[in-house]
Amino acid sequence: MNGMSVRTQSSEQPAETVHRAGFACFVGRPNAGKSTLTNALVGQKVAITSNRPQTTRHTVRGIVHRPDAQLILVDTPGLHKPRTLLGERLNDVVRTTWAEVDVIGFCLPADQKLGPGDRFIAKELAGIKKTPKVAVVTKTDLVDSKTLAEQLIAIDQLAKELGFEWAEIVPVSAVGDQQVELLADLLVPLLPEGPALYPEGDLTDEPEQVMVAELIREAALEGVRDELPHSIAVVVEEMLPREDRPAERPLLDIHANVYIERPSQKGIIIGPKGKRLKEVGIKSRKQIEALLGTPVFLDLHVKVAKDWQRDPKQLRKLGF
């Protein structure tokens, strides 16, 4: 392959009836558009989109069903320089996941020059020899064609410097829905041949409890991210259908605990006269009802789990 190949349209596929199925994950520094891209590919909100790093802690998978293939998207937490035990554990999870997937999509926003964070990730990627790597240039709707061209060249160079080659370089705008189909077209041939791994209709294999916890956590962080960037964990203690309800009027009881690290953070979450917590409850309840398709009674409690980010026992209990 001489020079650089950038795909802007799908080349004609030969008529083959082979079915492929496999795993892909998107990596990239915070805000590179990973969750947005996952949602655009899957066609509905799965990962939690957030304007702050490290809110996608759990492996949330989105599943793209196509006649010829099944693409399962594994969302890994961001790789970062660890400062805490949680950081180290996340990094191990990331490396293991990268080595196990069939293709890695490295998201690089078109509107930001390559920085040390991108280089740090690219270096890690260079060390994972077997897995094909696709450079996905996101947010292309924010730049002109000259800026985009410069970014594409810089991305091509970055791989060359580190001694590997991109399987593809694909510009996309998930917001404008441009090229998202194309991206799927390009990821599919990199997957191994095989039957579908999940039944049609599944969009994510995360247990509902984890998704519910994420929705509550997202609502709890809304508006207080600066004060509590990620010292919130949510555990859904139980989800039970309310007894003695007529079949046509079911109600699901959800009991969840919002864990914070220090007593001083309790007031921030609860708000004056409990107003904030009530809003968090109302907001997340609506989203949970939309997700599960059933009316919900949500019982929220705020608890202090001292320095949970640094305590292995707490981390295990909170599902990390």
# chains A, B, ... in the order shown; residues from 1 in each chain; ligands from 1
$ select_by_dssp --residues "range 226-282 of chain A" --states "helix (DSSP H, G or I)" --output "list in words"
Pro263, Ser264, Gln265, Lys266, Gly267, Ile268, Ile269, Ile270, Pro272, Lys273, Gly274, Lys275, Arg276, Leu277, Lys278, Glu279, Val280, Gly281 and Ile282 of chain A
$ write_last_selection --atoms "all heavy atoms" --output "short mmCIF file (atom, residue, chain, number, x, y, z; two decimals), in the first residue's frame"
data_model
loop_
_atom_site.label_atom_id
_atom_site.label_comp_id
_atom_site.auth_asym_id
_atom_site.auth_seq_id
_atom_site.Cartn_x
_atom_site.Cartn_y
_atom_site.Cartn_z
N PRO A 263 -18.27 12.64 54.07
CA PRO A 263 -19.53 13.19 54.58
C PRO A 263 -19.82 14.58 54.03
O PRO A 263 -20.97 14.94 53.79
CB PRO A 263 -19.31 13.24 56.09
CG PRO A 263 -18.24 12.24 56.37
CD PRO A 263 -17.38 12.19 55.15
N SER A 264 -18.75 15.38 53.80
CA SER A 264 -18.96 16.76 53.33
C SER A 264 -19.63 16.80 51.95
O SER A 264 -20.19 17.81 51.55
CB SER A 264 -17.62 17.48 53.26
OG SER A 264 -16.76 16.80 52.36
N GLN A 265 -19.56 15.68 51.21
CA GLN A 265 -20.15 15.68 49.86
C GLN A 265 -21.65 15.40 49.90
O GLN A 265 -22.35 15.58 48.91
CB GLN A 265 -19.46 14.61 49.00
CG GLN A 265 -17.98 14.88 48.82
CD GLN A 265 -17.25 13.70 48.18
OE1 GLN A 265 -17.66 12.56 48.31
NE2 GLN A 265 -16.15 13.98 47.51
N LYS A 266 -22.11 14.97 51.08
CA LYS A 266 -23.51 14.56 51.19
C LYS A 266 -24.45 15.74 50.86
O LYS A 266 -25.40 15.59 50.10
CB LYS A 266 -23.78 14.06 52.61
CG LYS A 266 -24.73 12.90 52.63
CD LYS A 266 -24.75 12.19 53.98
CE LYS A 266 -25.89 11.21 53.99
NZ LYS A 266 -25.86 10.27 55.09
N GLY A 267 -24.13 16.89 51.42
CA GLY A 267 -24.96 18.08 51.20
C GLY A 267 -25.04 18.46 49.74
O GLY A 267 -26.07 18.93 49.26
N ILE A 268 -23.92 18.27 49.02
CA ILE A 268 -23.89 18.64 47.59
C ILE A 268 -24.89 17.77 46.82
O ILE A 268 -25.65 18.26 45.98
CB ILE A 268 -22.47 18.44 47.01
CG1 ILE A 268 -21.45 19.31 47.78
CG2 ILE A 268 -22.43 18.76 45.52
CD1 ILE A 268 -20.00 19.06 47.41
N ILE A 269 -24.89 16.49 47.12
CA ILE A 269 -25.76 15.56 46.40
C ILE A 269 -27.23 15.76 46.78
O ILE A 269 -28.11 15.75 45.94
CB ILE A 269 -25.35 14.10 46.72
CG1 ILE A 269 -24.02 13.76 46.03
CG2 ILE A 269 -26.41 13.10 46.30
CD1 ILE A 269 -24.13 13.59 44.54
N ILE A 270 -27.47 15.96 48.09
CA ILE A 270 -28.85 16.04 48.56
C ILE A 270 -29.47 17.41 48.27
O ILE A 270 -30.64 17.51 47.93
CB ILE A 270 -28.91 15.69 50.07
CG1 ILE A 270 -28.50 14.22 50.23
CG2 ILE A 270 -30.31 15.91 50.63
CD1 ILE A 270 -28.36 13.76 51.66
N PRO A 272 -30.27 21.67 49.21
CA PRO A 272 -31.03 22.28 50.28
C PRO A 272 -32.41 21.62 50.42
O PRO A 272 -33.10 21.46 49.42
CB PRO A 272 -31.17 23.74 49.86
CG PRO A 272 -30.58 23.86 48.51
CD PRO A 272 -29.94 22.57 48.13
N LYS A 273 -32.73 21.20 51.62
CA LYS A 273 -34.02 20.53 51.92
C LYS A 273 -34.28 19.31 51.03
O LYS A 273 -35.42 18.99 50.72
CB LYS A 273 -35.19 21.52 51.75
CG LYS A 273 -35.14 22.67 52.74
CD LYS A 273 -36.53 23.30 52.88
CE LYS A 273 -36.57 24.30 54.02
NZ LYS A 273 -36.72 25.68 53.58
N GLY A 274 -33.18 18.68 50.58
CA GLY A 274 -33.35 17.45 49.79
C GLY A 274 -33.81 17.66 48.37
O GLY A 274 -34.13 16.73 47.63
N LYS A 275 -33.81 18.96 47.94
CA LYS A 275 -34.36 19.29 46.64
C LYS A 275 -33.58 18.63 45.49
O LYS A 275 -34.15 18.10 44.55
CB LYS A 275 -34.35 20.82 46.49
CG LYS A 275 -35.14 21.31 45.31
CD LYS A 275 -35.36 22.81 45.38
CE LYS A 275 -35.64 23.37 44.00
NZ LYS A 275 -34.65 24.12 43.35
N ARG A 276 -32.26 18.66 45.62
CA ARG A 276 -31.44 18.14 44.52
C ARG A 276 -31.63 16.63 44.33
O ARG A 276 -31.77 16.13 43.21
CB ARG A 276 -29.97 18.44 44.80
CG ARG A 276 -29.30 18.78 43.58
CD ARG A 276 -27.90 19.12 43.50
NE ARG A 276 -27.55 18.65 42.18
CZ ARG A 276 -27.16 17.42 41.94
NH1 ARG A 276 -27.02 16.58 42.91
NH2 ARG A 276 -26.91 17.04 40.72
N LEU A 277 -31.61 15.93 45.45
CA LEU A 277 -31.75 14.47 45.37
C LEU A 277 -33.10 14.10 44.74
O LEU A 277 -33.21 13.16 43.97
CB LEU A 277 -31.62 13.84 46.76
CG LEU A 277 -31.55 12.30 46.75
CD1 LEU A 277 -30.31 11.81 46.03
CD2 LEU A 277 -31.57 11.73 48.17
N LYS A 278 -34.12 14.92 45.08
CA LYS A 278 -35.44 14.67 44.53
C LYS A 278 -35.41 14.83 43.00
O LYS A 278 -35.96 14.01 42.26
CB LYS A 278 -36.43 15.67 45.15
CG LYS A 278 -37.86 15.20 45.11
CD LYS A 278 -38.75 16.10 45.96
CE LYS A 278 -40.18 16.02 45.44
NZ LYS A 278 -41.06 16.98 46.06
N GLU A 279 -34.73 15.88 42.54
CA GLU A 279 -34.62 16.11 41.10
C GLU A 279 -33.87 14.96 40.43
O GLU A 279 -34.25 14.51 39.35
CB GLU A 279 -33.87 17.43 40.82
CG GLU A 279 -34.77 18.65 40.97
CD GLU A 279 -33.96 19.95 41.07
OE1 GLU A 279 -32.74 19.93 40.78
OE2 GLU A 279 -34.55 20.97 41.45
N VAL A 280 -32.80 14.51 41.09
CA VAL A 280 -32.02 13.38 40.56
C VAL A 280 -32.95 12.17 40.42
O VAL A 280 -32.94 11.46 39.40
CB VAL A 280 -30.83 13.03 41.49
CG1 VAL A 280 -30.18 11.71 41.10
CG2 VAL A 280 -29.80 14.16 41.48
N GLY A 281 -33.77 11.95 41.44
CA GLY A 281 -34.71 10.82 41.42
C GLY A 281 -35.71 10.92 40.27
O GLY A 281 -35.92 9.95 39.54
N ILE A 282 -36.27 12.12 40.11
CA ILE A 282 -37.29 12.30 39.06
C ILE A 282 -36.67 12.09 37.68
O ILE A 282 -37.18 11.36 36.84
CB ILE A 282 -37.92 13.72 39.15
CG1 ILE A 282 -38.75 13.84 40.45
CG2 ILE A 282 -38.78 14.01 37.92
CD1 ILE A 282 -39.19 15.24 40.80
#
$ residues_around --residues "Lys130 in chain A" --least-positions-apart "2" --cutoff "10 Å" --atoms "only C-alpha atoms" --output "PyMOL selection string"
chain A and resi 99-100+102-103+126-128+132-133
$ select_by_dssp --residues "range 219-266 of chain A" --states "strand (DSSP E)" --output "list in words"
Ile232, Ala233, Val234, Val235, Val236, Glu237, Glu238, Met239, Leu240, Pro241, Leu252, Asp253, Ile254, His255, Ala256, Asn257, Val258, Tyr259 and Ile260 of chain A
$ write_last_selection --atoms "N, CA and C atoms" --output "compact mmCIF listing (two decimals), in the first residue's frame"
# COMPACT_ATOMS: atom_id res chain seq x y z
N ILE A 232 -18.49 9.46 42.84
CA ILE A 232 -19.84 8.93 43.06
C ILE A 232 -19.88 7.53 42.48
N ALA A 233 -20.39 6.59 43.25
CA ALA A 233 -20.66 5.26 42.70
C ALA A 233 -22.10 4.94 43.07
N VAL A 234 -22.79 4.23 42.18
CA VAL A 234 -24.18 3.88 42.47
C VAL A 234 -24.32 2.37 42.46
N VAL A 235 -24.95 1.82 43.48
CA VAL A 235 -25.22 0.39 43.51
C VAL A 235 -26.72 0.18 43.61
N VAL A 236 -27.26 -0.57 42.66
CA VAL A 236 -28.68 -0.91 42.72
C VAL A 236 -28.79 -2.14 43.62
N GLU A 237 -29.37 -1.95 44.78
CA GLU A 237 -29.44 -3.04 45.76
C GLU A 237 -30.47 -4.08 45.34
N GLU A 238 -31.65 -3.61 44.88
CA GLU A 238 -32.61 -4.58 44.36
C GLU A 238 -33.60 -3.96 43.39
N MET A 239 -34.07 -4.79 42.46
CA MET A 239 -35.11 -4.41 41.52
C MET A 239 -36.16 -5.51 41.58
N LEU A 240 -37.31 -5.18 42.15
CA LEU A 240 -38.35 -6.21 42.34
C LEU A 240 -39.69 -5.70 41.86
N PRO A 241 -40.47 -6.56 41.15
CA PRO A 241 -41.82 -6.14 40.78
C PRO A 241 -42.66 -6.04 42.06
N LEU A 252 -42.30 -1.43 39.23
CA LEU A 252 -41.02 -2.02 39.61
C LEU A 252 -40.42 -1.18 40.73
N ASP A 253 -40.12 -1.84 41.85
CA ASP A 253 -39.45 -1.13 42.96
C ASP A 253 -37.94 -1.23 42.78
N ILE A 254 -37.28 -0.07 42.74
CA ILE A 254 -35.81 -0.08 42.63
C ILE A 254 -35.23 0.63 43.85
N HIS A 255 -34.39 -0.08 44.58
CA HIS A 255 -33.71 0.51 45.73
C HIS A 255 -32.24 0.67 45.38
N ALA A 256 -31.76 1.91 45.43
CA ALA A 256 -30.38 2.16 45.03
C ALA A 256 -29.69 3.05 46.04
N ASN A 257 -28.38 2.81 46.20
CA ASN A 257 -27.56 3.65 47.06
C ASN A 257 -26.57 4.44 46.23
N VAL A 258 -26.49 5.74 46.52
CA VAL A 258 -25.49 6.59 45.89
C VAL A 258 -24.36 6.72 46.90
N TYR A 259 -23.18 6.19 46.55
CA TYR A 259 -22.04 6.25 47.47
C TYR A 259 -21.15 7.42 47.15
N ILE A 260 -20.78 8.17 48.20
CA ILE A 260 -19.80 9.25 48.03
C ILE A 260 -18.64 8.96 48.96
$ atom_distance --atom1 "CA of Gln70 in chain A" --atom2 "CA of His19 in chain A"
8.1 Å
